[in-house]
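> Below is the file final.cif, with mmCIF, C-alpha atoms and all ligand atoms.
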data_structure
#
loop_
_atom_site.label_atom_id
_atom_site.label_comp_id
_atom_site.auth_asym_id
_atom_site.auth_seq_id
_atom_site.Cartn_x
_atom_site.Cartn_y
_atom_site.Cartn_z
CA VAL A 1 0.00 0.00 0.00
CA PRO A 2 1.57 3.29 -1.02
CA GLU A 3 2.45 5.60 1.87
CA LEU A 4 3.93 9.09 1.95
CA PRO A 5 7.38 8.16 0.50
CA GLU A 6 5.81 6.29 -2.42
CA VAL A 7 3.33 9.08 -3.17
CA GLU A 8 6.08 11.71 -2.85
CA THR A 9 8.20 9.72 -5.32
CA VAL A 10 5.31 9.74 -7.79
CA ARG A 11 4.74 13.45 -7.15
CA ARG A 12 8.35 14.35 -7.90
CA MET A 13 8.33 12.29 -11.07
CA LEU A 14 5.02 13.80 -12.20
CA GLU A 15 6.44 17.26 -11.59
CA ARG A 16 9.43 16.51 -13.79
CA GLN A 17 7.40 14.71 -16.41
CA VAL A 18 4.04 16.37 -16.94
CA LEU A 19 4.44 19.96 -15.75
CA GLY A 20 3.47 22.27 -18.63
CA ARG A 21 1.92 19.51 -20.74
CA ARG A 22 -1.52 20.34 -22.10
CA ILE A 23 -4.40 17.86 -21.87
CA ARG A 24 -5.95 16.78 -25.13
CA ALA A 25 -8.40 14.25 -23.71
CA LEU A 26 -9.31 12.35 -20.56
CA ARG A 27 -10.72 8.86 -21.04
CA ARG A 28 -12.25 6.87 -18.19
CA SER A 29 -13.01 3.14 -18.06
CA GLY A 30 -16.39 3.85 -16.50
CA ALA A 31 -15.50 1.79 -13.42
CA ALA A 32 -16.13 3.34 -10.00
CA LEU A 33 -13.10 4.14 -7.83
CA ARG A 34 -13.66 3.89 -4.07
CA GLY A 35 -17.35 3.47 -4.91
CA GLU A 36 -17.45 6.77 -6.79
CA ARG A 37 -18.58 6.73 -10.44
CA PRO A 38 -16.54 8.88 -12.83
CA ASP A 39 -17.93 12.39 -13.28
CA PRO A 40 -19.16 12.50 -16.91
CA ARG A 41 -18.43 16.26 -17.11
CA LEU A 42 -14.75 15.95 -16.10
CA PRO A 43 -13.31 15.11 -19.57
CA ARG A 44 -14.82 18.28 -21.03
CA ARG A 45 -13.63 20.37 -18.08
CA VAL A 46 -9.98 19.30 -18.27
CA ARG A 47 -9.64 19.50 -22.06
CA GLY A 48 -7.13 22.11 -23.22
CA ARG A 49 -5.75 22.83 -19.76
CA ALA A 50 -2.01 22.57 -19.00
CA VAL A 51 -0.56 21.07 -15.80
CA GLU A 52 0.62 23.89 -13.52
CA ALA A 53 1.73 22.12 -10.35
CA VAL A 54 1.76 18.74 -8.66
CA ARG A 55 1.22 18.81 -4.91
CA ARG A 56 0.82 16.25 -2.15
CA HIS A 57 -0.73 16.15 1.28
CA GLY A 58 -0.24 12.90 3.18
CA LYS A 59 -1.08 10.15 0.69
CA TYR A 60 -3.13 12.44 -1.58
CA LEU A 61 -1.92 13.98 -4.81
CA LEU A 62 -3.22 17.15 -6.42
CA ILE A 63 -2.50 17.77 -10.08
CA ASP A 64 -3.27 21.47 -10.53
CA LEU A 65 -4.41 22.50 -13.99
CA GLU A 66 -4.55 26.03 -15.28
CA GLY A 67 -7.80 27.88 -14.74
CA GLY A 68 -8.33 26.76 -11.14
CA LEU A 69 -9.14 23.08 -11.62
CA SER A 70 -7.26 20.23 -9.91
CA LEU A 71 -7.29 16.47 -10.17
CA LEU A 72 -7.36 14.95 -6.71
CA SER A 73 -6.01 11.42 -6.52
CA HIS A 74 -5.24 8.71 -3.98
CA LEU A 75 -3.56 5.43 -4.89
CA GLY A 76 -5.65 3.38 -2.44
CA MET A 77 -4.34 -0.19 -2.12
CA SER A 78 -3.07 -0.84 -5.61
CA GLY A 79 -3.15 2.38 -7.64
CA ARG A 80 -0.32 3.54 -9.91
CA TRP A 81 0.28 6.53 -12.13
CA LEU A 82 2.24 5.48 -15.21
CA PHE A 83 3.73 7.77 -17.82
CA VAL A 84 3.83 6.63 -21.43
CA ALA A 85 5.60 8.49 -24.22
CA ASP A 86 3.07 7.34 -26.82
CA ARG A 87 -0.60 7.68 -25.96
CA ARG A 88 -1.47 5.01 -28.57
CA ASP A 89 0.32 2.34 -26.49
CA ARG A 90 -1.97 -0.45 -25.42
CA ALA A 91 -3.12 0.14 -21.85
CA PRO A 92 -3.16 -2.84 -19.43
CA ALA A 93 -6.47 -4.24 -18.15
CA HIS A 94 -6.93 -2.12 -15.04
CA VAL A 95 -6.22 1.33 -16.40
CA HIS A 96 -9.24 3.39 -15.33
CA ALA A 97 -8.15 6.80 -16.56
CA ARG A 98 -6.00 7.91 -19.46
CA ILE A 99 -4.92 11.52 -19.60
CA GLU A 100 -3.70 12.18 -23.11
CA PHE A 101 -1.51 15.21 -23.74
CA GLU A 102 -1.37 17.29 -26.89
CA ASP A 103 2.27 16.28 -27.49
CA GLY A 104 1.29 12.62 -27.88
CA SER A 105 2.35 11.38 -24.42
CA ALA A 106 -0.09 10.15 -21.79
CA LEU A 107 -0.57 9.47 -18.11
CA TRP A 108 -2.42 6.34 -17.08
CA TYR A 109 -4.10 5.62 -13.77
CA GLU A 110 -4.09 1.87 -13.12
CA ASP A 111 -5.86 0.32 -10.14
CA PRO A 112 -6.87 -3.37 -10.08
CA ARG A 113 -8.54 -3.22 -6.65
CA ARG A 114 -10.14 0.19 -7.23
CA PHE A 115 -9.77 1.55 -3.68
CA GLY A 116 -8.09 4.63 -5.16
CA LEU A 117 -9.63 7.98 -5.95
CA LEU A 118 -9.64 10.37 -8.89
CA ARG A 119 -11.88 13.40 -9.16
CA GLY A 120 -11.89 17.00 -10.24
CA VAL A 121 -11.96 19.72 -7.57
CA ALA A 122 -11.73 23.52 -7.68
CA THR A 123 -8.10 24.31 -6.78
CA ALA A 124 -9.07 27.12 -4.43
CA GLU A 125 -11.42 24.84 -2.49
CA ALA A 126 -9.36 21.66 -2.57
CA HIS A 127 -8.38 21.96 1.10
CA ALA A 128 -12.09 21.83 2.00
CA ASP A 129 -12.73 18.64 0.00
CA ALA A 130 -14.16 15.92 2.25
CA ALA A 131 -11.09 13.73 1.71
CA LEU A 132 -8.52 16.43 2.53
CA ALA A 133 -10.36 18.44 5.18
CA ILE A 134 -10.05 15.70 7.80
CA LEU A 135 -6.28 15.22 7.40
CA GLY A 136 -3.73 16.23 9.99
CA PRO A 137 -0.50 18.03 9.05
CA ASP A 138 1.97 16.47 6.64
CA PRO A 139 5.28 15.42 8.26
CA VAL A 140 7.39 16.35 5.23
CA ALA A 141 5.74 19.73 4.57
CA SER A 142 6.21 20.70 8.21
CA ARG A 143 9.00 19.41 10.45
CA PHE A 144 7.73 18.12 13.76
CA THR A 145 9.51 18.41 17.06
CA GLY A 146 8.81 15.97 19.87
CA GLU A 147 6.61 18.64 21.43
CA ASP A 148 4.58 19.00 18.23
CA LEU A 149 3.97 15.25 18.14
CA ALA A 150 3.08 15.12 21.81
CA ARG A 151 0.53 17.86 21.13
CA LEU A 152 -0.93 15.90 18.19
CA GLY A 153 -1.09 12.83 20.42
CA ARG A 154 -2.83 14.60 23.28
CA GLY A 155 -5.89 12.66 24.37
CA ALA A 156 -5.10 9.77 22.00
CA ARG A 157 -6.13 6.72 24.03
CA VAL A 158 -4.52 4.48 21.43
CA SER A 159 -1.20 2.73 20.97
CA ALA A 160 1.82 4.56 19.56
CA LYS A 161 1.42 2.51 16.36
CA THR A 162 -2.25 3.42 15.96
CA PHE A 163 -1.41 7.07 16.65
CA LEU A 164 1.09 7.12 13.77
CA LEU A 165 -1.47 5.55 11.41
CA ASP A 166 -4.25 8.02 12.27
CA GLN A 167 -4.42 10.26 9.20
CA ARG A 168 -6.53 12.81 11.09
CA ARG A 169 -3.64 13.48 13.46
CA LEU A 170 -0.71 13.06 11.07
CA ALA A 171 -1.14 12.49 7.33
CA GLY A 172 1.02 10.09 5.34
CA VAL A 173 2.43 7.35 7.59
CA GLY A 174 1.10 3.84 6.96
CA ASN A 175 1.78 0.35 8.21
CA ILE A 176 5.32 -0.16 6.92
CA TYR A 177 6.85 3.11 8.10
CA ALA A 178 5.00 3.13 11.45
CA SER A 179 6.76 -0.13 12.40
CA GLU A 180 10.12 1.18 11.16
CA ILE A 181 9.84 4.54 12.94
CA LEU A 182 8.91 3.01 16.31
CA HIS A 183 11.67 0.44 16.04
CA ARG A 184 14.32 3.06 15.36
CA ALA A 185 12.93 5.24 18.15
CA GLY A 186 13.11 2.28 20.58
CA VAL A 187 9.42 2.53 21.43
CA HIS A 188 7.22 -0.53 21.86
CA PRO A 189 4.31 -0.34 19.37
CA ALA A 190 1.69 -1.22 22.00
CA ARG A 191 2.66 1.66 24.31
CA LEU A 192 -0.20 4.04 24.92
CA ALA A 193 0.47 7.31 23.07
CA THR A 194 -0.52 9.30 26.16
CA SER A 195 2.10 7.44 28.22
CA LEU A 196 5.07 8.43 26.05
CA SER A 197 7.73 10.55 27.71
CA SER A 198 9.06 13.73 26.09
CA THR A 199 12.30 11.86 25.32
CA GLU A 200 10.33 9.21 23.48
CA TRP A 201 8.33 11.80 21.51
CA GLN A 202 11.64 13.44 20.54
CA ARG A 203 13.01 10.13 19.33
CA ILE A 204 9.84 9.42 17.35
CA ALA A 205 10.02 12.90 15.78
CA ARG A 206 13.66 12.37 14.80
CA GLU A 207 13.04 8.92 13.29
CA LEU A 208 9.82 10.03 11.58
CA GLU A 209 11.83 12.61 9.67
CA ALA A 210 14.80 10.31 9.01
CA VAL A 211 12.84 7.24 7.88
CA LEU A 212 10.59 9.23 5.51
CA ALA A 213 13.58 11.08 4.01
CA GLU A 214 15.57 7.87 3.51
CA ALA A 215 12.58 6.10 1.98
CA ILE A 216 11.90 9.01 -0.40
CA ALA A 217 15.58 8.98 -1.44
CA ARG A 218 15.15 5.31 -2.39
CA MET A 219 11.83 5.86 -4.18
CA GLY A 220 9.82 4.04 -1.53
CA THR A 221 9.15 0.38 -0.76
CA THR A 222 7.57 -2.15 -3.10
CA PHE A 223 5.93 -5.29 -1.77
CA SER A 224 3.55 -6.02 -4.59
CA MET A 225 1.71 -3.28 -6.42
CA TYR A 226 3.50 0.01 -5.95
CA ARG A 227 5.56 1.24 -8.90
CA THR A 228 7.08 4.57 -9.81
CA LEU A 229 5.88 6.60 -12.79
CA TRP A 230 8.28 4.52 -14.92
CA ASN A 231 6.84 1.23 -13.65
CA GLU A 232 9.90 0.53 -11.47
CA PRO A 233 9.78 -0.87 -7.92
CA GLY A 234 11.00 1.23 -4.98
CA ALA A 235 14.37 0.35 -3.46
CA TYR A 236 13.78 0.90 0.27
CA GLY A 237 12.74 -2.73 0.89
CA ASP A 238 16.26 -3.92 1.72
CA GLN A 239 16.63 -1.12 4.30
CA LEU A 240 13.65 -2.29 6.37
CA ARG A 241 14.74 -3.22 9.89
CA VAL A 242 11.57 -4.89 11.19
CA TYR A 243 8.72 -4.76 8.68
CA ASP A 244 7.92 -8.19 7.21
CA ARG A 245 10.90 -9.73 9.07
CA ALA A 246 9.08 -11.85 11.70
CA GLY A 247 11.45 -14.48 13.14
CA GLU A 248 14.52 -12.93 11.53
CA PRO A 249 17.25 -11.46 13.75
CA CYS A 250 17.06 -7.80 14.77
CA ARG A 251 19.77 -5.90 12.91
CA THR A 252 20.76 -4.19 16.17
CA CYS A 253 20.66 -6.92 18.85
CA GLY A 254 20.01 -10.22 17.08
CA ALA A 255 16.75 -11.04 18.93
CA PRO A 256 14.06 -12.49 16.66
CA ILE A 257 11.65 -9.87 15.27
CA ARG A 258 8.08 -10.34 16.39
CA ARG A 259 4.83 -9.81 14.56
CA VAL A 260 1.64 -8.81 16.36
CA VAL A 261 -1.73 -7.70 15.05
CA GLN A 262 -2.98 -4.25 16.02
CA GLN A 263 -6.32 -3.09 14.62
CA GLN A 264 -6.30 -5.97 12.11
CA ARG A 265 -2.92 -4.93 10.77
CA SER A 266 0.53 -6.46 11.25
CA THR A 267 3.05 -4.67 13.40
CA PHE A 268 6.68 -5.77 13.54
CA TYR A 269 9.03 -4.94 16.39
CA CYS A 270 12.08 -6.10 18.34
CA PRO A 271 11.10 -7.18 21.87
CA SER A 272 14.51 -6.30 23.28
CA CYS A 273 15.21 -2.95 21.52
CA GLN A 274 11.71 -1.54 21.95
CA ALA A 275 11.03 -0.81 25.57
CA ARG A 276 7.78 -1.76 27.25
CA ARG A 277 8.48 0.86 29.92
CA PRO A 278 8.83 4.60 29.29
CA LEU A 279 12.34 5.82 28.51
CA ARG A 280 13.15 8.90 30.52
CA ALA A 281 15.99 11.33 30.25
CA ALA A 282 15.71 12.04 33.98
CA PRO A 283 16.53 9.28 36.52
CA LYS A 284 13.59 7.19 37.70
CA PRO A 285 11.77 8.44 40.82
CA ARG A 286 13.16 6.82 43.98
CA SER A 287 9.91 6.64 45.91
CA THR A 288 9.06 2.99 46.45
CA ARG A 289 5.44 3.85 47.05
CA ALA A 290 5.12 5.33 43.55
CA SER A 291 6.64 2.27 41.92
CA THR A 292 4.39 -0.08 43.93
CA ILE A 293 1.33 1.79 42.72
CA ASP A 294 2.69 1.62 39.20
CA ALA A 295 3.24 -2.11 39.40
CA SER A 296 -0.20 -2.87 40.81
CA ARG A 297 -1.79 -0.72 38.15
CA SER A 298 -0.03 -2.53 35.33
CA ARG A 299 -0.89 -5.93 36.88
CA ARG A 300 -4.52 -4.94 37.01
CA ALA A 301 -4.36 -3.78 33.41
CA ARG A 302 -3.23 -7.24 32.34
CA LEU A 303 -6.08 -9.12 34.02
CA PRO A 304 -8.51 -10.65 31.52
CA ARG A 305 -11.91 -9.01 31.32
CA ARG A 306 -14.82 -10.90 32.77
ZN ZN A 401 16.77 -5.56 18.72
#
Show the structure stored in the file as structure tokens.
Ligand SMILES: [Zn+2]

Amino acid sequence: VPELPEVETVRRMLERQVLGRRIRALRRSGAALRGERPDPRLPRRVRGRAVEAVRRHGKYLLIDLEGGLSLLSHLGMSGRWLFVADRRDRAPAHVHARIEFEDGSALWYEDPRRFGLLRGVATAEAHADAALAILGPDPVASRFTGEDLARLGRGARVSAKTFLLDQRRLAGVGNIYASEILHRAGVHPARLATSLSSTEWQRIARELEAVLAEAIARMGTTFSMYRTLWNEPGAYGDQLRVYDRAGEPCRTCGAPIRRVVQQQRSTFYCPSCQARRPLRAAPKPRSTRASTIDASRSRRARLPRR
């Protein structure tokens, strides 16, 4: 499933490849994407307009056309944008949109599972579109400090992993990079977001930035469907430290990587590098009473529900 680094890779390639090209025609397969039927007026609206900018927020792409119209797109589970030099090339089976340019090249949107999205929006009102309006800030567009993340996580009665995946708090991180970021930050994925110390938030902020930047530099991670604009796989896969490595040795300590399921999705982590207990910069409190209360509370939390 494409996440921020994969979508940013596509955005950069689109910017290099289609900026300034003028649309001659838009052809749709007629199939619904994410349950939404293609707008029959869109082909007429985009005709003759040149591409002015390609932007991204989280996992969403905006292809801005001249005259205040944008194409909003999301790759869903299996979507790809592919560039072809000759628009007469035969499109594969699951191409649901073909944007043909006046110079003879074309851009295809392919999506076998059709969980993606493609629709026209007024550029000036794009931020208010139902899909974009609910998104939190983008971690590449704005750099987050530990304090910023702690603020975004305020009141989040969810695990650190679930916090990172919540697009309404932070837009762009998905399942692969959430596991990688928490591993590199040394934070156990099941830790409650509200229980994280400021040191831990700082480490998450640092690794969030580093992991996304490294993944973008390698054009993202390909497991099955994701491809770049040139139909190439991403090259970050061999850099993964925990994701999809259950049973294999941790690259730091050698302990076998574990897989758990959180919210129906796999999480990978190292049980020895990723602390169950908060990491604090300051020494632990010496009061025995405080630690006794702590211990009894965590014992109670582990009791099965009746
Ligand atoms: Zn380890």
> Do you know which residues are at most 8 Å from stretch 25-28 of chain A counting only C-alpha atoms, after dropping those on the same chain fewer than 2 positions away, and could you put them as a VMD selection string?
chain A and resid 23 30 to 31 38 42 to 43 46 to 48 96 to 101
> Neighbouring residues of A:Ala156 were defined as those with any atom within 8 Å, considering all atoms listed in the file; residues of the same chain fewer than 4 positions away were excluded. Please report them as an MDAnalysis selection string.
chainID A and resid 163 193:194
> What does the distance between atom CA of A:Cys270 and atom CA of A:Tyr177 come to in Å, to one decimal place?
14.7 Å
> In Å, with one decimal, what is the gap from atom CA of A:Tyr60 to atom CA of A:Glu209?
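Separation between atom CA of A:Tyr60 and atom CA of A:Glu209: 18.7 Å.
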> Could you tell me which of A:Val121, A:Leu152, A:Ile257, A:Ala190 comes closest to A:Leu170 if we count only C-alpha atoms?
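For A:Leu170, the nearest of the candidates is A:Leu152.
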> Which residues sit within 9 Å of ligand ZN 401 (chain A), counting all atoms listed in the file, listed as a list in words?
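For ligand ZN 401 (chain A), the residues inside 9 Å are His183, Gly186, Pro249, Cys250, Arg251, Thr252, Cys253, Gly254, Ala255, Pro256, Ile257, Tyr269, Cys270, Pro271, Ser272, Cys273 and Gln274 of chain A.
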> Pick out the closest residue to A:Gln17 from this set: A:Leu229, A:Arg241, A:Ala205, A:Asp64. Count all atoms listed in the file.
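Counting all atoms listed in the file, the residue closest to A:Gln17 is A:Leu229.
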> Would you work out the distance separating atom CA of A:His188 from atom CA of A:Glu6, expressed in Å to one decimal?
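Straight-line distance from atom CA of A:His188 to atom CA of A:Glu6 works out to 25.3 Å.
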> What's around A:Glu125 at 12 Å? Count all atoms listed in the file, leave out sequence neighbours fewer than 3 positions away in its own chain, and write the answer as a short mmCIF file (atom, residue, chain, number, x, y, z; two decimals) with C-alpha atoms, in the coordinates of the input.

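As written to disk, selection.cif reads:
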data_model
loop_
_atom_site.label_atom_id
_atom_site.label_comp_id
_atom_site.auth_asym_id
_atom_site.auth_seq_id
_atom_site.Cartn_x
_atom_site.Cartn_y
_atom_site.Cartn_z
CA LEU A 62 -3.22 17.15 -6.42
CA ASP A 64 -3.27 21.47 -10.53
CA GLY A 68 -8.33 26.76 -11.14
CA LEU A 69 -9.14 23.08 -11.62
CA SER A 70 -7.26 20.23 -9.91
CA LEU A 72 -7.36 14.95 -6.71
CA GLY A 120 -11.89 17.00 -10.24
CA VAL A 121 -11.96 19.72 -7.57
CA ALA A 122 -11.73 23.52 -7.68
CA ALA A 128 -12.09 21.83 2.00
CA ASP A 129 -12.73 18.64 0.00
CA ALA A 130 -14.16 15.92 2.25
CA ALA A 131 -11.09 13.73 1.71
CA LEU A 132 -8.52 16.43 2.53
CA ALA A 133 -10.36 18.44 5.18
#
> Given all atoms listed in the file as the basis, pick out the residue of A:Thr145, A:Asn231, A:Gln262, A:Thr123 nearest to A:Leu208.
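Checking each of A:Thr145, A:Asn231, A:Gln262, A:Thr123 against A:Leu208, counting all atoms listed in the file, the winner is A:Thr145.
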> Please write out, as lines of an AutoDock Vina configuration file, where the centre of an axis-aligned box around all listed atoms of stretch 222-239 of chain A lies and how long its edges are, in Å to one decimal, after adding 6 Å on each side.

center_x = 9.2
center_y = 0.3
center_z = -5.3
size_x = 26.9
size_y = 24.6
size_z = 31.2
> Fewer than 3 positions away in the same chain doesn't count, so skip those; otherwise give me all residues within 12 Å of A:His57, counting only C-alpha atoms, as a VMD selection string.
chain A and resid 3 to 5 7 to 8 11 54 60 to 63 72 to 74 126 to 127 131 to 142 167 to 168 170 to 173
> With only C-alpha atoms as the basis for distance, which of A:Asp89, A:Arg276, A:Gly35, A:Leu117 is at the shortest distance from A:Leu71?
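With only C-alpha atoms as the atom set, the closest residue is A:Leu117.
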> Which one of A:Ala50, A:Met77, A:Ile176, A:Val84 sits closest to A:Ala215 if you count only C-alpha atoms?
A:Ile176
> Would you mind telling me which residue in A:Val10, A:Ala217, A:Leu212, A:Val18 lies nearest to A:Arg56 when using only C-alpha atoms?
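When distances to A:Arg56 are compared using only C-alpha atoms, the smallest one comes from A:Val10.
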> List every protein, DNA or RNA residue that has at least one atom no more than 8 Å from (-3.4, -3.4, -8.8) in the file's coordinates, counting all atoms listed in the file, and write the result as a list in words.
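These residues have at least one counted atom within 8 Å: Met77, Ser78, Gly79, Arg80, His94, Glu110, Asp111, Pro112, Arg113, Arg114 and Met225 of chain A.
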> Counting only C-alpha atoms, what is within 10 Å of A:Glu232, bar same-chain residues fewer than 6 positions away, as a list in words?
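Within the cut-off, the hits are Leu82, Met219, Thr222 and Tyr226 of chain A.
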